>>> print(open('query-v3.cif').read())   # mmCIF, C-alpha atoms
data_work
loop_
_atom_site.label_atom_id
_atom_site.label_comp_id
_atom_site.auth_asym_id
_atom_site.auth_seq_id
_atom_site.Cartn_x
_atom_site.Cartn_y
_atom_site.Cartn_z
CA MET A 1 -23.23 -21.45 -28.10
CA ILE A 2 -24.26 -23.54 -25.07
CA ASP A 3 -27.69 -22.11 -25.40
CA GLY A 4 -28.03 -23.19 -29.02
CA ALA A 5 -26.74 -26.72 -28.35
CA ALA A 6 -29.14 -27.19 -25.46
CA PHE A 7 -31.99 -26.05 -27.63
CA ARG A 8 -31.18 -28.62 -30.35
CA CYS A 9 -30.72 -31.40 -27.79
CA ARG A 10 -34.08 -30.79 -26.25
CA ALA A 11 -35.82 -30.41 -29.57
CA GLN A 12 -34.57 -33.81 -30.77
CA GLY A 13 -35.38 -35.62 -27.55
CA HIS A 14 -39.01 -34.56 -27.51
CA GLU A 15 -40.09 -34.95 -31.06
CA ASP A 16 -43.40 -36.50 -30.01
CA ASP A 17 -44.41 -33.68 -27.69
CA GLY A 18 -46.86 -31.05 -28.75
CA ARG A 19 -45.37 -27.98 -30.32
CA VAL A 20 -46.41 -25.54 -27.63
CA GLU A 21 -45.26 -27.78 -24.84
CA MET A 22 -41.90 -28.26 -26.51
CA ARG A 23 -41.38 -24.59 -26.91
CA GLU A 24 -42.09 -24.05 -23.23
CA ARG A 25 -39.69 -26.77 -22.23
CA THR A 26 -36.86 -25.48 -24.35
CA ALA A 27 -37.39 -21.96 -23.10
CA ALA A 28 -37.20 -23.20 -19.51
CA SER A 29 -34.08 -25.23 -20.11
CA ARG A 30 -32.47 -22.30 -21.91
CA ARG A 31 -33.06 -20.14 -18.87
CA GLN A 32 -31.53 -22.80 -16.65
CA VAL A 33 -28.47 -23.07 -18.85
CA ILE A 34 -27.94 -19.33 -18.86
CA LYS A 35 -28.44 -19.13 -15.11
CA GLY A 36 -25.99 -21.96 -14.51
CA ALA A 37 -23.39 -20.51 -16.84
CA SER A 38 -23.51 -17.05 -15.33
CA ALA A 39 -23.35 -18.45 -11.80
CA LEU A 40 -20.29 -20.45 -12.79
CA ALA A 41 -18.61 -17.45 -14.37
CA LEU A 42 -19.31 -15.28 -11.33
CA GLY A 43 -18.08 -17.99 -8.99
CA GLY A 44 -14.87 -18.26 -10.97
CA LEU A 45 -14.32 -14.52 -10.79
CA TRP A 46 -14.85 -14.52 -7.05
CA LEU A 47 -12.39 -17.33 -6.51
CA ALA A 48 -9.77 -15.55 -8.60
CA GLY A 49 -10.30 -12.21 -6.92
CA ARG A 50 -10.43 -12.84 -3.18
CA PRO A 51 -8.05 -11.14 -0.77
CA ALA A 52 -5.46 -13.49 0.69
CA GLU A 53 -5.59 -14.01 4.44
CA ALA A 54 -2.20 -12.33 4.75
CA ASP A 55 -3.68 -9.15 3.27
CA VAL A 56 -6.59 -9.20 5.70
CA ALA A 57 -4.15 -9.73 8.59
CA LYS A 58 -2.16 -6.74 7.33
CA ALA A 59 -5.28 -4.60 7.45
CA HIS A 60 -6.02 -5.74 11.02
CA LYS A 61 -2.45 -4.90 12.04
CA LEU A 62 -2.66 -1.43 10.54
CA LEU A 63 -6.04 -0.87 12.18
CA ALA A 64 -4.55 -1.77 15.58
CA GLU A 65 -1.74 0.74 15.00
CA LEU A 66 -4.18 3.46 13.96
CA ILE A 67 -6.62 3.15 16.85
CA GLY A 68 -4.16 1.98 19.47
CA GLY A 69 -5.64 -1.33 20.59
CA LYS A 70 -9.21 -0.10 21.06
CA THR A 71 -12.05 -2.35 19.97
CA PRO A 72 -14.24 -0.74 17.34
CA GLN A 73 -18.01 -0.97 17.72
CA GLU A 74 -20.28 -1.62 14.78
CA GLY A 75 -22.28 1.27 13.39
CA LYS A 76 -22.42 5.06 13.48
CA VAL A 77 -20.03 5.45 10.55
CA ARG A 78 -21.42 5.25 7.03
CA LEU A 79 -19.48 4.21 3.95
CA GLU A 80 -21.01 4.65 0.52
CA MET A 81 -19.38 2.82 -2.37
CA PRO A 82 -20.66 1.08 -5.48
CA GLN A 83 -21.33 -2.67 -5.01
CA ILE A 84 -19.62 -3.44 -8.29
CA ALA A 85 -16.70 -1.45 -9.63
CA GLU A 86 -15.99 -2.09 -13.29
CA ASN A 87 -12.66 -0.33 -13.10
CA GLY A 88 -10.60 -0.58 -9.93
CA GLN A 89 -8.50 2.43 -10.91
CA SER A 90 -11.02 4.92 -9.64
CA VAL A 91 -13.82 3.93 -7.31
CA PRO A 92 -15.79 6.73 -5.64
CA LEU A 93 -16.30 6.59 -1.90
CA THR A 94 -18.09 8.75 0.64
CA ALA A 95 -17.59 8.28 4.36
CA ALA A 96 -19.65 10.05 6.98
CA VAL A 97 -20.48 10.01 10.69
CA ASP A 98 -23.58 11.47 12.30
CA SER A 99 -22.03 13.87 14.75
CA PRO A 100 -23.06 17.32 16.02
CA MET A 101 -19.45 18.49 15.40
CA THR A 102 -19.39 20.80 18.43
CA ALA A 103 -16.22 21.64 20.35
CA ASP A 104 -16.80 18.88 22.92
CA ASN A 105 -18.48 16.28 20.73
CA TYR A 106 -17.08 15.73 17.29
CA CYS A 107 -15.62 13.10 15.01
CA LYS A 108 -11.83 13.35 15.07
CA VAL A 109 -10.87 11.15 12.18
CA ILE A 110 -12.19 8.62 9.67
CA HIS A 111 -9.67 6.02 8.51
CA ILE A 112 -10.29 4.11 5.28
CA LEU A 113 -8.64 0.69 4.91
CA ALA A 114 -8.77 -1.94 2.19
CA ASP A 115 -8.14 -5.59 3.07
CA GLY A 116 -7.16 -6.78 -0.42
CA ASN A 117 -4.81 -4.07 -1.68
CA PRO A 118 -1.00 -4.29 -1.69
CA GLU A 119 -1.08 -1.66 1.10
CA ALA A 120 -3.94 -1.70 3.58
CA GLY A 121 -4.02 2.06 4.22
CA VAL A 122 -6.13 4.19 1.90
CA CYS A 123 -6.52 7.52 3.65
CA SER A 124 -7.28 9.18 6.99
CA PHE A 125 -9.44 12.28 7.09
CA LYS A 126 -9.00 14.42 10.20
CA PHE A 127 -11.85 16.73 11.12
CA THR A 128 -12.15 19.64 13.53
CA PRO A 129 -15.33 21.23 14.89
CA ALA A 130 -14.80 23.84 12.11
CA SER A 131 -15.63 21.12 9.59
CA GLY A 132 -19.30 21.44 10.50
CA ARG A 133 -20.07 18.00 9.10
CA ALA A 134 -18.09 14.77 9.41
CA GLU A 135 -18.25 13.73 5.79
CA PHE A 136 -15.82 13.52 2.90
CA SER A 137 -15.58 11.99 -0.55
CA THR A 138 -12.69 10.82 -2.68
CA ARG A 139 -11.81 8.16 -5.24
CA MET A 140 -9.71 5.09 -4.54
CA ARG A 141 -7.93 2.21 -6.22
CA LEU A 142 -9.00 -1.39 -5.64
CA ALA A 143 -6.70 -4.22 -6.74
CA GLN A 144 -9.40 -6.90 -6.50
CA THR A 145 -12.77 -7.74 -4.97
CA GLN A 146 -12.47 -6.98 -1.27
CA ASN A 147 -13.87 -5.28 1.80
CA VAL A 148 -13.31 -1.59 2.37
CA TRP A 149 -13.34 -0.52 6.02
CA ALA A 150 -14.27 2.84 7.44
CA VAL A 151 -13.20 3.44 11.04
CA ALA A 152 -14.23 6.59 12.91
CA GLU A 153 -12.67 7.92 16.10
CA MET A 154 -14.81 10.31 18.12
CA SER A 155 -13.65 13.04 20.49
CA ASP A 156 -14.96 10.98 23.45
CA GLY A 157 -12.56 8.17 22.53
CA SER A 158 -15.12 5.74 21.11
CA VAL A 159 -14.30 3.97 17.86
CA TRP A 160 -16.88 2.92 15.29
CA MET A 161 -16.47 0.78 12.23
CA THR A 162 -18.24 -0.46 9.14
CA LYS A 163 -17.21 -2.65 6.22
CA THR A 164 -18.54 -2.80 2.71
CA GLU A 165 -17.71 -5.27 -0.03
CA VAL A 166 -16.89 -3.99 -3.48
CA LYS A 167 -16.69 -6.43 -6.38
CA VAL A 168 -14.00 -5.42 -8.83
CA THR A 169 -14.00 -6.45 -12.49
CA ILE A 170 -10.63 -4.96 -13.49
CA GLY A 171 -8.10 -4.36 -10.74
CA GLY A 172 -6.45 -1.00 -10.38
CA CYS A 173 -2.99 -1.46 -8.92
CA GLY A 174 -1.03 -3.50 -11.45
CA GLY A 175 1.37 -2.44 -14.18
CA MET B 1 6.18 19.86 -11.76
CA THR B 2 4.32 22.34 -13.87
CA ASP B 3 1.51 19.98 -14.78
CA VAL B 4 0.09 19.84 -11.26
CA LYS B 5 -2.88 22.17 -11.13
CA PRO B 6 -5.32 22.25 -8.25
CA ARG B 7 -8.89 23.03 -9.23
CA ILE B 8 -11.30 24.03 -6.50
CA LYS B 9 -15.00 24.73 -6.23
CA VAL B 10 -15.80 27.00 -3.31
CA PRO B 11 -19.01 29.03 -2.90
CA LYS B 12 -18.41 32.79 -3.13
CA THR B 13 -21.03 33.65 -0.54
CA ALA B 14 -22.53 31.92 2.47
CA LYS B 15 -24.75 32.67 5.45
CA LYS B 16 -23.23 32.92 8.92
CA GLY B 17 -22.91 29.48 10.45
CA GLU B 18 -23.61 27.73 7.16
CA VAL B 19 -21.88 24.45 6.38
CA VAL B 20 -20.59 24.71 2.81
CA GLU B 21 -19.27 21.97 0.58
CA ILE B 22 -15.82 22.32 -0.96
CA LYS B 23 -14.78 20.24 -3.96
CA THR B 24 -11.18 19.88 -5.08
CA LEU B 25 -9.39 18.10 -7.88
CA VAL B 26 -5.67 18.13 -8.51
CA SER B 27 -3.96 16.71 -11.58
CA HIS B 28 -1.33 14.30 -10.34
CA VAL B 29 -0.10 10.85 -11.42
CA MET B 30 -0.22 9.37 -7.88
CA GLU B 31 2.42 6.80 -8.88
CA THR B 32 2.00 3.93 -6.40
CA GLY B 33 5.54 2.57 -6.39
CA GLN B 34 4.07 -0.88 -7.13
CA ARG B 35 4.38 -0.69 -10.89
CA LYS B 36 7.33 -1.68 -13.11
CA ASP B 37 8.44 -0.04 -16.33
CA ALA B 38 9.06 -1.82 -19.67
CA GLU B 39 12.51 -2.98 -18.50
CA GLY B 40 11.13 -4.46 -15.30
CA LYS B 41 12.53 -1.75 -13.04
CA PRO B 42 10.18 -0.50 -10.35
CA ILE B 43 8.78 2.98 -10.96
CA PRO B 44 9.47 5.03 -7.81
CA ARG B 45 6.53 6.15 -5.72
CA LYS B 46 5.35 9.70 -6.21
CA ILE B 47 2.08 10.66 -4.62
CA ILE B 48 0.47 13.55 -2.81
CA ASN B 49 0.71 12.29 0.75
CA ARG B 50 -1.08 15.08 2.63
CA PHE B 51 -3.76 17.65 2.04
CA THR B 52 -4.67 20.43 4.43
CA CYS B 53 -7.36 23.08 4.54
CA GLU B 54 -7.41 26.23 6.68
CA TYR B 55 -9.94 28.99 7.05
CA ASN B 56 -8.53 32.37 8.07
CA GLY B 57 -5.39 30.58 9.21
CA LYS B 58 -7.23 28.12 11.47
CA PRO B 59 -7.02 24.43 10.57
CA VAL B 60 -10.27 22.94 9.29
CA CYS B 61 -9.27 19.48 8.18
CA GLU B 62 -6.42 17.33 6.99
CA LEU B 63 -6.26 14.24 4.81
CA ILE B 64 -3.44 11.69 4.87
CA LEU B 65 -3.26 9.98 1.49
CA HIS B 66 -1.80 6.57 0.66
CA PRO B 67 -1.03 5.13 -2.79
CA ALA B 68 -4.53 3.61 -2.87
CA ILE B 69 -5.96 7.04 -3.73
CA SER B 70 -6.66 7.31 -7.47
CA ALA B 71 -4.67 9.46 -9.88
CA ASN B 72 -5.85 13.06 -10.04
CA PRO B 73 -7.11 12.93 -6.47
CA TYR B 74 -10.60 14.27 -5.91
CA ILE B 75 -11.44 15.39 -2.39
CA SER B 76 -14.68 16.94 -1.23
CA PHE B 77 -15.52 17.96 2.32
CA PHE B 78 -17.37 20.54 4.41
CA VAL B 79 -16.50 23.75 6.22
CA LYS B 80 -18.60 25.69 8.70
CA VAL B 81 -18.15 29.41 8.09
CA GLU B 82 -18.84 31.96 10.83
CA GLU B 83 -17.26 35.03 9.25
CA SER B 84 -15.93 36.18 5.87
CA GLY B 85 -12.47 34.98 5.09
CA THR B 86 -10.07 33.05 2.94
CA LEU B 87 -10.03 29.30 2.53
CA THR B 88 -6.47 28.05 1.93
CA MET B 89 -5.71 24.57 0.71
CA ALA B 90 -2.36 22.84 0.24
CA TRP B 91 -1.32 19.54 -1.32
CA TYR B 92 2.04 18.06 -0.22
CA ASP B 93 3.95 15.98 -2.77
CA ASP B 94 6.39 13.12 -1.95
CA ASP B 95 9.11 15.15 -3.73
CA GLY B 96 8.66 18.07 -1.33
CA SER B 97 6.62 20.31 -3.62
CA VAL B 98 3.58 22.04 -2.18
CA TYR B 99 0.68 23.04 -4.41
CA LYS B 100 -1.60 25.72 -3.07
CA ALA B 101 -4.99 27.17 -3.83
CA GLU B 102 -7.19 29.69 -2.08
CA SER B 103 -10.59 31.25 -2.38
CA LYS B 104 -12.54 33.96 -0.56
CA ILE B 105 -15.93 33.37 1.01
CA ASP B 106 -18.18 36.35 1.70
CA VAL B 107 -20.35 35.68 4.74
CA THR B 108 -23.62 37.55 5.24
CA ALA B 109 -25.65 37.61 8.44
#
>>> encode(input="query-v3.cif", output="structure tokens")
Amino acid sequence: MIDGAAFRCRAQGHEDDGRVEMRERTAASRRQVIKGASALALGGLWLAGRPAEADVAKAHKLLAELIGGKTPQEGKVRLEMPQIAENGQSVPLTAAVDSPMTADNYCKVIHILADGNPEAGVCSFKFTPASGRAEFSTRMRLAQTQNVWAVAEMSDGSVWMTKTEVKVTIGGCGG
Amino acid sequence: MTDVKPRIKVPKTAKKGEVVEIKTLVSHVMETGQRKDAEGKPIPRKIINRFTCEYNGKPVCELILHPAISANPYISFFVKVEESGTLTMAWYDDDGSVYKAESKIDVTA
């Protein structure tokens, strides 16, 4: 609709221009209109679907409870999720840590948190050296666009963390 | 609940010391406790809150689940097998039910 109107507008305003030139101009303006419109729509979605600060604070509080006041370092833990989830009911995730998984050097647990869900906790996967590899996959619900956190605790007491943003088109927690 | 059926994918054979991937899927509503029914009454929470896996009776791993895990929870993970044995898995429901599944792995040198 917008596209068509813009086309007509342009065409009337430049009646004296050469045909080829006019066509180029209208094509360019059409692209601009589309670009602008999609940016607006995306911006609107983002504004509507951002976690409230209270939710983020809740996630920080839970994290503090889980890791007992330690400060997580960036890195080491890997979190694979889609950048855009069309349906928040079931979003695949894979979390992993590069660890030899020997008796004296292994990853004890990976916590998954979500800072825009009604409850911040998602799951906690506890490994043992018998796991062989510190990696697991599952599927989670996302109520809105938000950051998902993966926090890994190692057997030496160090804590590692990563965050990834997932944009959600349809939330997955409502009725 | 009779409609809760764990489905598991475990390799039948493995080499000694191999790290094998286990895939599991269990049919379960995973009711979050956040939703309301047609009359506006909250629907009580009913989820699987814990999953455990043992190999020959020794714990391998454990997963604590919250309502943010999707319905029909899918879990995949790894196990390092040193000798032949039985992999036992259990899913613990909020209502106290326990759903179990097991599979044998034959380990060759």
>>> resolve_selection(input="query-v3.cif", expression="the PyMOL selection byres ((chain A) within 8 of (chain B))", output="ChimeraX atom specification")
/A:89-91,117,119,121-142,173-175
>>> atom_distance(input="query-v3.cif", atom1="atom CA of Val148 of chain A", atom2="atom CA of Thr102 of chain A")
28.2 Å
>>> closest_residue(input="query-v3.cif", among="B:Asp94, B:Ser103, B:Lys12, B:Ala109", to="Arg45 of chain B", atoms="all atoms listed in the file")
B:Asp94
>>> resolve_selection(input="query-v3.cif", expression="the PyMOL selection byres ((chain A and resi 157-163) around 12)", output="PyMOL selection string")
chain A and resi 63-64+66-81+83+95-98+104-115+146-156+164-166
>>> resolve_selection(input="query-v3.cif", expression="the PyMOL selection byres ((chain B and resi 108) around 8)", output="MDAnalysis selection string")
chainID B and resid 13:16 83:84 106:107 109
>>> atom_distance(input="query-v3.cif", atom1="atom CA of Gly96 of chain B", atom2="atom CA of Lys61 of chain A")
28.8 Å
>>> residues_around(input="query-v3.cif", residues="Ala52 of chain A", least_positions_apart="4", cutoff="9 Å", atoms="all atoms listed in the file", output="MDAnalysis selection string")
chainID A and resid 56:57 115:116
>>> write_last_selection(input="query-v3.cif", atoms="C-alpha atoms", output="PDB file, in the frame of the given file")
ATOM      1  CA  VAL A  56      -6.590  -9.200   5.700  1.00  0.00           C
ATOM      2  CA  ALA A  57      -4.150  -9.730   8.590  1.00  0.00           C
ATOM      3  CA  ASP A 115      -8.140  -5.590   3.070  1.00  0.00           C
ATOM      4  CA  GLY A 116      -7.160  -6.780  -0.420  1.00  0.00           C
TER       5      GLY A 116
END
>>> atom_distance(input="query-v3.cif", atom1="atom CA of Asn87 of chain A", atom2="atom CA of Thr145 of chain A")
11.0 Å
>>> axis_aligned_box(input="query-v3.cif", around="segment 49-61 of chain B", padding_each_side="3 Å", output="lines of an AutoDock Vina configuration file")
center_x = -4.8
center_y = 22.3
center_z = 6.1
size_x = 17.0
size_y = 26.1
size_z = 16.7
>>> closest_residue(input="query-v3.cif", among="B:Gly85, B:Ser97, B:Lys5, B:Glu102", to="His28 of chain B", atoms="only C-alpha atoms")
B:Lys5
>>> closest_residue(input="query-v3.cif", among="A:Ala143, A:Asp55, A:Pro118, A:Thr94", to="Pro82 of chain A", atoms="only C-alpha atoms")
A:Thr94
